[in-house]
Amino acid sequence: DYLLTGLFFSTERLGAYYFAFNLSTQTVQLVSTNLTSILLPSFAKLDREPARQREAYLRVCSMITLVGVILCIIQGLMAAPLLRLMFGHKWDEAIPLFQILTVGMIFVIPSSPGVPLMVAQGKFRRVMIWTAVTAMSFIGSVTIGAASGSTLGIAVADVLFYAVFGPLGVVIPFEHACRTL
């Protein structure tokens, strides 16, 4: 997305988008990255007990969603005052982008246990296809957003992408886990 944004917009606008995007992912990183390193061995241990594996997956998705949504709401509400406190008005252009992208992260958070579940089940082909489809779709959404002529359009397109692919990232692994019962 940065390459496409850089092709269509000035360095300053790219910088604001880059700054906002990276800040918006902090809650997802905090909530899910450390947890997913624990989930893979946990899901793998439950591989011979698909019903327990499915239940564990649903509990983890629910817990991550509860914590993540609350943190994203706080992050979005505190964006303007905290960024202005820390940086003055240097990043004012990034504030609405950051708030919009934070809304998108609400959709992403519940899907983070999906890939560890599929890997634990040995569904590497499914992970590869999911990753390829997600990457191509994200690039497509960024391209459509860039066609709007503003980085705000890219941020909105990102949120729409997350609103579709976030829930799919929960359903696709769950759907397979249900079939193995």
# chains A, B, ... in the order shown; residues from 1 in each chain; ligands from 1

call {"tool": "residues_around", "arguments": {"residues": "segment 25-34 of chain A", "least_positions_apart": "2", "cutoff": "9 Å", "atoms": "only C-alpha atoms", "output": "MDAnalysis selection string"}}
result
chainID A and resid 20:23 36:38 64 67:68 71:72 75 101:102 105:106 108:110 112:113

call {"tool": "select_by_dssp", "arguments": {"residues": "chain A", "states": "alpha helix (DSSP H)", "output": "PyMOL selection string"}}
result
chain A and resi 2-8+11-24+26-28+34-45+50-87+94-108+114-120+124-147+151-179

call {"tool": "closest_residue", "arguments": {"among": "A:Ala146, A:Leu168, A:Leu117, A:Leu152", "to": "Lys45 of chain A", "atoms": "only C-alpha atoms"}}
result
A:Leu117

call {"tool": "closest_residue", "arguments": {"among": "A:Leu40, A:Leu3, A:Val69, A:Val164", "to": "Val142 of chain A", "atoms": "only C-alpha atoms"}}
result
A:Leu3

call {"tool": "closest_residue", "arguments": {"among": "A:Leu58, A:Leu14, A:Met136, A:Ala147", "to": "Glu175 of chain A", "atoms": "only C-alpha atoms"}}
result
A:Leu58

call {"tool": "atom_distance", "arguments": {"atom1": "atom CA of Gly15 of chain A", "atom2": "atom CA of Phe98 of chain A"}}
result
12.2 Å

call {"tool": "atom_distance", "arguments": {"atom1": "atom CA of Ala56 of chain A", "atom2": "atom CA of Thr131 of chain A"}}
result
23.0 Å

call {"tool": "residues_around", "arguments": {"residues": "Ala163 of chain A", "least_positions_apart": "4", "cutoff": "8 Å", "atoms": "only C-alpha atoms", "output": "PyMOL selection string"}}
result
chain A and resi 104+107-108+159+167

call {"tool": "closest_residue", "arguments": {"among": "A:Tyr18, A:Gly122, A:Gly114, A:Ile172", "to": "Tyr2 of chain A", "atoms": "only C-alpha atoms"}}
result
A:Tyr18

call {"tool": "residues_around", "arguments": {"residues": "Ala79 of chain A", "least_positions_apart": "3", "cutoff": "12 Å", "atoms": "only C-alpha atoms", "output": "count of residues only"}}
result
27

call {"tool": "decode", "arguments": {"residues": "segment 9-31 of chain A", "atoms": "N, CA and C atoms", "output": "short mmCIF file (atom, residue, chain, number, x, y, z; two decimals), in the first residue's frame"}}
result
data_model
loop_
_atom_site.label_atom_id
_atom_site.label_comp_id
_atom_site.auth_asym_id
_atom_site.auth_seq_id
_atom_site.Cartn_x
_atom_site.Cartn_y
_atom_site.Cartn_z
N PHE A 9 0.66 10.03 -4.57
CA PHE A 9 0.58 11.18 -3.67
C PHE A 9 1.97 11.69 -3.31
N SER A 10 2.01 12.88 -2.76
CA SER A 10 3.28 13.50 -2.37
C SER A 10 3.91 12.75 -1.20
N THR A 11 5.16 13.02 -0.98
CA THR A 11 5.90 12.40 0.12
C THR A 11 5.26 12.75 1.47
N GLU A 12 4.78 13.97 1.60
CA GLU A 12 4.15 14.39 2.87
C GLU A 12 2.87 13.59 3.13
N ARG A 13 2.07 13.41 2.09
CA ARG A 13 0.82 12.66 2.26
C ARG A 13 1.10 11.19 2.50
N LEU A 14 2.12 10.66 1.81
CA LEU A 14 2.54 9.27 2.06
C LEU A 14 3.02 9.13 3.50
N GLY A 15 3.79 10.09 3.98
CA GLY A 15 4.27 10.05 5.36
C GLY A 15 3.14 10.04 6.38
N ALA A 16 2.13 10.86 6.14
CA ALA A 16 0.98 10.90 7.04
C ALA A 16 0.24 9.56 7.03
N TYR A 17 0.05 9.00 5.84
CA TYR A 17 -0.63 7.70 5.73
C TYR A 17 0.20 6.61 6.41
N TYR A 18 1.49 6.59 6.14
CA TYR A 18 2.39 5.60 6.73
C TYR A 18 2.36 5.67 8.25
N PHE A 19 2.46 6.88 8.77
CA PHE A 19 2.43 7.10 10.21
C PHE A 19 1.10 6.61 10.80
N ALA A 20 -0.01 7.00 10.18
CA ALA A 20 -1.33 6.62 10.67
C ALA A 20 -1.54 5.11 10.60
N PHE A 21 -1.14 4.52 9.49
CA PHE A 21 -1.34 3.08 9.32
C PHE A 21 -0.56 2.30 10.38
N ASN A 22 0.69 2.65 10.56
CA ASN A 22 1.51 1.93 11.53
C ASN A 22 1.03 2.13 12.96
N LEU A 23 0.56 3.32 13.29
CA LEU A 23 0.00 3.52 14.62
C LEU A 23 -1.29 2.73 14.81
N SER A 24 -2.10 2.66 13.77
CA SER A 24 -3.39 1.96 13.89
C SER A 24 -3.21 0.47 14.12
N THR A 25 -2.10 -0.08 13.69
CA THR A 25 -1.88 -1.52 13.87
C THR A 25 -1.32 -1.87 15.24
N GLN A 26 -0.99 -0.89 16.05
CA GLN A 26 -0.36 -1.17 17.34
C GLN A 26 -1.23 -2.00 18.27
N THR A 27 -2.52 -1.75 18.29
CA THR A 27 -3.41 -2.52 19.15
C THR A 27 -3.47 -3.97 18.68
N VAL A 28 -3.56 -4.17 17.37
CA VAL A 28 -3.57 -5.53 16.83
C VAL A 28 -2.27 -6.24 17.20
N GLN A 29 -1.16 -5.54 17.06
CA GLN A 29 0.12 -6.13 17.41
C GLN A 29 0.16 -6.49 18.89
N LEU A 30 -0.29 -5.59 19.72
CA LEU A 30 -0.27 -5.82 21.17
C LEU A 30 -1.14 -7.01 21.56
N VAL A 31 -2.34 -7.06 21.01
CA VAL A 31 -3.30 -8.07 21.42
C VAL A 31 -3.03 -9.42 20.78
#
